[in-house]
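Here is upload_10.cif, consisting of mmCIF, C-alpha atoms:
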```cif
data_run
loop_
_atom_site.label_atom_id
_atom_site.label_comp_id
_atom_site.auth_asym_id
_atom_site.auth_seq_id
_atom_site.Cartn_x
_atom_site.Cartn_y
_atom_site.Cartn_z
CA MET A 335 -19.67 -34.88 -34.74
CA LYS A 336 -15.91 -34.94 -34.10
CA LYS A 337 -15.45 -31.72 -36.12
CA PHE A 338 -18.18 -30.09 -34.04
CA ARG A 339 -16.38 -31.00 -30.78
CA VAL A 340 -13.08 -29.63 -32.10
CA LEU A 341 -14.80 -26.43 -33.19
CA LEU A 342 -16.58 -26.13 -29.85
CA ALA A 343 -13.31 -26.67 -27.96
CA PHE A 344 -11.59 -24.03 -30.12
CA VAL A 345 -14.39 -21.51 -29.49
CA LEU A 346 -14.29 -22.22 -25.74
CA VAL A 347 -10.50 -21.80 -25.52
CA PHE A 348 -10.63 -18.62 -27.63
CA THR A 349 -13.38 -17.16 -25.43
CA ILE A 350 -11.39 -17.84 -22.25
CA LEU A 351 -8.17 -16.41 -23.69
CA ALA A 352 -9.98 -13.32 -24.96
CA GLY A 353 -10.95 -12.46 -21.36
CA VAL A 354 -7.38 -12.64 -19.99
CA PRO A 355 -6.21 -9.21 -21.29
CA ALA A 356 -9.32 -7.57 -19.82
CA ALA A 357 -8.63 -9.16 -16.44
CA LEU A 358 -4.99 -8.02 -16.54
CA ALA A 359 -6.03 -4.50 -17.50
CA ALA A 360 -8.39 -4.36 -14.51
CA THR A 361 -5.50 -5.33 -12.21
CA GLU A 362 -3.28 -2.60 -13.68
CA ARG A 363 -6.04 -0.03 -13.32
CA SER A 364 -6.39 -0.75 -9.60
CA SER A 365 -2.82 0.43 -9.02
CA GLN A 366 -2.66 3.15 -11.67
CA PHE A 367 -2.19 5.86 -9.04
CA TYR A 368 1.23 4.72 -7.75
CA SER A 369 4.66 4.77 -9.28
CA SER A 370 6.33 3.48 -6.09
CA VAL A 371 5.96 3.18 -2.31
CA TYR A 372 8.55 2.45 0.37
CA ALA A 373 8.73 2.49 4.17
CA ASP A 374 11.47 1.63 6.66
CA VAL A 375 11.73 1.63 10.47
CA ASP A 376 14.70 2.70 12.62
CA LYS A 377 14.99 2.11 16.35
CA LEU A 378 16.06 5.37 18.01
CA ASP A 379 15.94 4.78 21.77
CA SER A 380 14.52 2.18 24.07
CA GLY A 381 10.86 1.99 23.07
CA VAL A 382 11.08 4.79 20.46
CA ALA A 383 11.12 4.03 16.75
CA GLU A 384 10.85 6.16 13.62
CA VAL A 385 9.22 5.22 10.34
CA SER A 386 10.39 6.96 7.18
CA PHE A 387 8.45 6.63 3.96
CA THR A 388 8.27 7.76 0.36
CA VAL A 389 5.31 7.55 -1.98
CA THR A 390 5.35 8.58 -5.63
CA GLY A 391 2.22 8.99 -7.71
CA LEU A 392 1.99 8.95 -11.47
CA HIS A 393 1.12 12.65 -11.53
CA ARG A 394 0.37 15.50 -9.12
CA MET A 395 -2.04 14.23 -6.45
CA LYS A 396 -4.64 16.17 -4.47
CA MET A 397 -3.66 14.08 -1.43
CA ILE A 398 -0.58 11.88 -1.09
CA GLY A 399 1.04 10.19 1.88
CA VAL A 400 0.23 7.69 4.61
CA LYS A 401 -3.34 7.33 5.81
CA GLU A 402 -2.64 4.87 8.63
CA ILE A 403 0.22 3.00 10.28
CA LYS A 404 -0.65 -0.21 12.07
CA VAL A 405 1.96 -1.35 14.62
CA CYS A 406 1.84 -5.14 14.98
CA ASN A 407 3.64 -7.49 17.34
CA SER A 408 5.59 -10.41 15.89
CA SER A 409 2.62 -12.76 16.25
CA GLY A 410 0.48 -10.47 14.07
CA GLY A 411 -1.63 -8.80 16.75
CA ASP A 412 -2.40 -5.09 16.47
CA LEU A 413 -0.65 -3.01 19.10
CA LYS A 414 -1.68 0.48 17.96
CA HIS A 415 -2.96 2.48 15.03
CA ILE A 416 -1.55 5.85 14.01
CA TYR A 417 -3.63 8.02 11.67
CA TYR A 418 -2.63 11.16 9.78
CA THR A 419 -5.54 12.89 11.51
CA ASP A 420 -4.07 12.14 14.97
CA SER A 421 -2.49 15.01 16.86
CA GLY A 422 1.21 15.27 15.97
CA TYR A 423 0.96 13.17 12.82
CA SER A 424 -0.32 15.64 10.22
CA ASN A 425 3.05 15.29 8.42
CA LEU A 426 1.96 11.82 7.24
CA MET A 427 -0.14 13.42 4.48
CA SER A 428 0.50 16.19 1.97
CA SER A 429 -1.23 17.66 -1.08
CA ASN A 430 -0.52 18.76 -4.64
CA LYS A 431 2.67 16.73 -5.01
CA ILE A 432 3.92 13.92 -7.20
CA THR A 433 6.33 12.54 -4.56
CA TYR A 434 6.06 12.87 -0.81
CA ALA A 435 8.53 11.70 1.85
CA SER A 436 8.36 12.17 5.61
CA LYS A 437 9.10 10.56 8.99
CA ALA A 438 7.12 9.91 12.15
CA LYS A 439 8.21 8.79 15.63
CA PHE A 440 6.16 6.48 17.82
CA THR A 441 6.62 4.53 21.05
CA VAL A 442 6.17 0.84 21.74
CA PRO A 443 6.99 -1.34 24.74
CA SER A 444 10.72 -2.18 24.59
CA GLY A 445 12.21 -5.63 24.34
CA HIS A 446 9.72 -6.95 21.80
CA GLU A 447 9.67 -7.59 18.07
CA TYR A 448 7.33 -5.56 15.84
CA TYR A 449 6.53 -4.77 12.23
CA LEU A 450 4.41 -2.08 10.60
CA VAL A 451 1.67 -2.13 8.02
CA VAL A 452 1.85 1.26 6.32
CA TYR A 453 -1.26 2.24 4.36
CA PHE A 454 -0.23 4.58 1.56
CA TYR A 455 -2.97 6.81 0.17
CA VAL A 456 -3.29 8.89 -2.96
CA LYS A 457 -6.24 10.84 -4.29
CA ASP A 458 -6.74 12.76 -7.51
CA SER A 459 -9.72 13.99 -9.51
CA TYR A 460 -10.27 10.45 -10.89
CA GLY A 461 -10.48 8.67 -7.55
CA ALA A 462 -8.44 7.44 -4.61
CA SER A 463 -6.42 4.37 -3.75
CA THR A 464 -4.99 2.83 -0.58
CA LYS A 465 -2.01 0.48 -0.82
CA PRO A 466 -0.69 -1.52 2.17
CA TYR A 467 3.06 -2.01 2.66
CA ILE A 468 4.57 -4.33 5.30
CA THR A 469 7.95 -3.35 6.74
CA ASP A 470 10.68 -5.65 7.95
CA SER A 471 10.47 -6.54 11.61
CA PHE A 472 12.39 -4.57 14.23
CA ARG A 473 13.12 -4.91 17.94
CA ALA A 474 12.29 -1.94 20.16
#
```
Final structure tokens representation of the file:
Amino acid sequence: MKKFRVLLAFVLVFTILAGVPAALAATERSSQFYSSVYADVDKLDSGVAEVSFTVTGLHRMKMIGVKEIKVCNSSGGDLKHIYYTDSGYSNLMSSNKITYASKAKFTVPSGHEYYLVVYFYVKDSYGASTKPYITDSFRA
């Protein structure tokens, strides 16, 4: 009976450990589109800020860039959303590139602390992926 318990414990541990590589591979697959992403914010004038970003895919992408920028106040509340489809922000997205970098200006009420959540987006013939990136806080 003791040998059976030892054998059962061994089989159970082996079964659990055999699933770990598959779980890790699934995690890697979910981010297989990106080599790197980066965004930074500069205050230009009172109430005007500029976000600059770079996104690099693993190969030439059909679409690459920033899908959305969420401007949040320091307590985490949403102040505004900027989309690449909004007038004046078409430069947030590009196509047929491996790396894309651009900048976008936006206004916020001055005298307050903010941060951005930048949603990077890439799409190729195998699928699409969105990856959020949180910037450091800044005072407008």
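Close contacts of Val451 (chain A), defined as residues with an atom at most 7 Å away when counting only C-alpha atoms, with chain neighbours fewer than 2 positions off set aside, comprise A:Ile403, A:Lys404, A:Val405, A:Tyr449, A:Tyr453, A:Pro466, A:Tyr467, A:Ile468, A:Thr469.
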Self-check item: Distance query region 409-416 of chain A at most 12 Å, only C-alpha atoms, self and fewer than 2 positions along chain excluded, as JSON, numbers by chain
Solution: {"A": [385, 400, 401, 402, 403, 404, 405, 406, 407, 418, 419, 420, 421, 422, 423, 424, 425, 426, 438, 439, 440, 441, 442, 443, 446, 447, 448, 449, 450, 451, 452, 453, 468, 471]}
Practice problem: Rounded to one decimal place, report the CA of Met427 (chain A)-CA of Arg473 (chain A) distance in Å. | Solution: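 The value is 26.3 Å.
Neighbouring residues of Lys431 (chain A) at 7 Å or closer, counting all atoms listed in the file and skipping chain neighbours under 3 positions away, are Arg394, Met395 and Tyr434 of chain A.
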Exercise. Would you work out the distance separating CA of Leu378 (chain A) from CA of Ser408 (chain A), expressed in Å to one decimal?
Key: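 Spanning CA of Leu378 (chain A) to CA of Ser408 (chain A) is a straight-line distance of 19.1 Å.
Take CA of Tyr455 (chain A) and CA of Ser436 (chain A): the distance between them is 13.7 Å.
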Exercise. Give me the residues within 10 Å of Ser463 (chain A) as an MDAnalysis selection string, counting all atoms listed in the file and dropping any in the same chain fewer than 3 places off.
Key: chainID A and resid 364:368 398 453:458
Quiz prompt | Distance criterion (all atoms listed in the file): nearest to Lys396 (chain A) out of A:Ala435, A:Ser429, A:Gly461, A:Lys377 | solution =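 Ranking A:Ala435, A:Ser429, A:Gly461, A:Lys377 by distance to Lys396 (chain A), first place goes to A:Ser429.
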Please evaluate the PyMOL selection byres ((chain A and resi 392) around 7) against the structure above and give the resulting residues as a PDB file with C-alpha atoms, keeping the file's coordinate frame.
```
ATOM      1  CA  PHE A 367      -2.190   5.860  -9.040  1.00  0.00           C
ATOM      2  CA  TYR A 368       1.230   4.720  -7.750  1.00  0.00           C
ATOM      3  CA  SER A 369       4.660   4.770  -9.280  1.00  0.00           C
ATOM      4  CA  THR A 390       5.350   8.580  -5.630  1.00  0.00           C
ATOM      5  CA  GLY A 391       2.220   8.990  -7.710  1.00  0.00           C
ATOM      6  CA  HIS A 393       1.120  12.650 -11.530  1.00  0.00           C
ATOM      7  CA  ILE A 432       3.920  13.920  -7.200  1.00  0.00           C
TER       8      ILE A 432
END
```
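Distance annotation: of A:Glu384, A:Gly399, A:Gly445, A:Tyr417, the residue with the minimal separation from Asn430 (chain A) is A:Gly399; atom set is all atoms listed in the file.
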Quiz item: Looking at only C-alpha atoms, which of A:Ser444, A:Lys465, A:Ser428, A:Met397 is the one that sits closest to Ser370 (chain A)?
Solution: A:Lys465
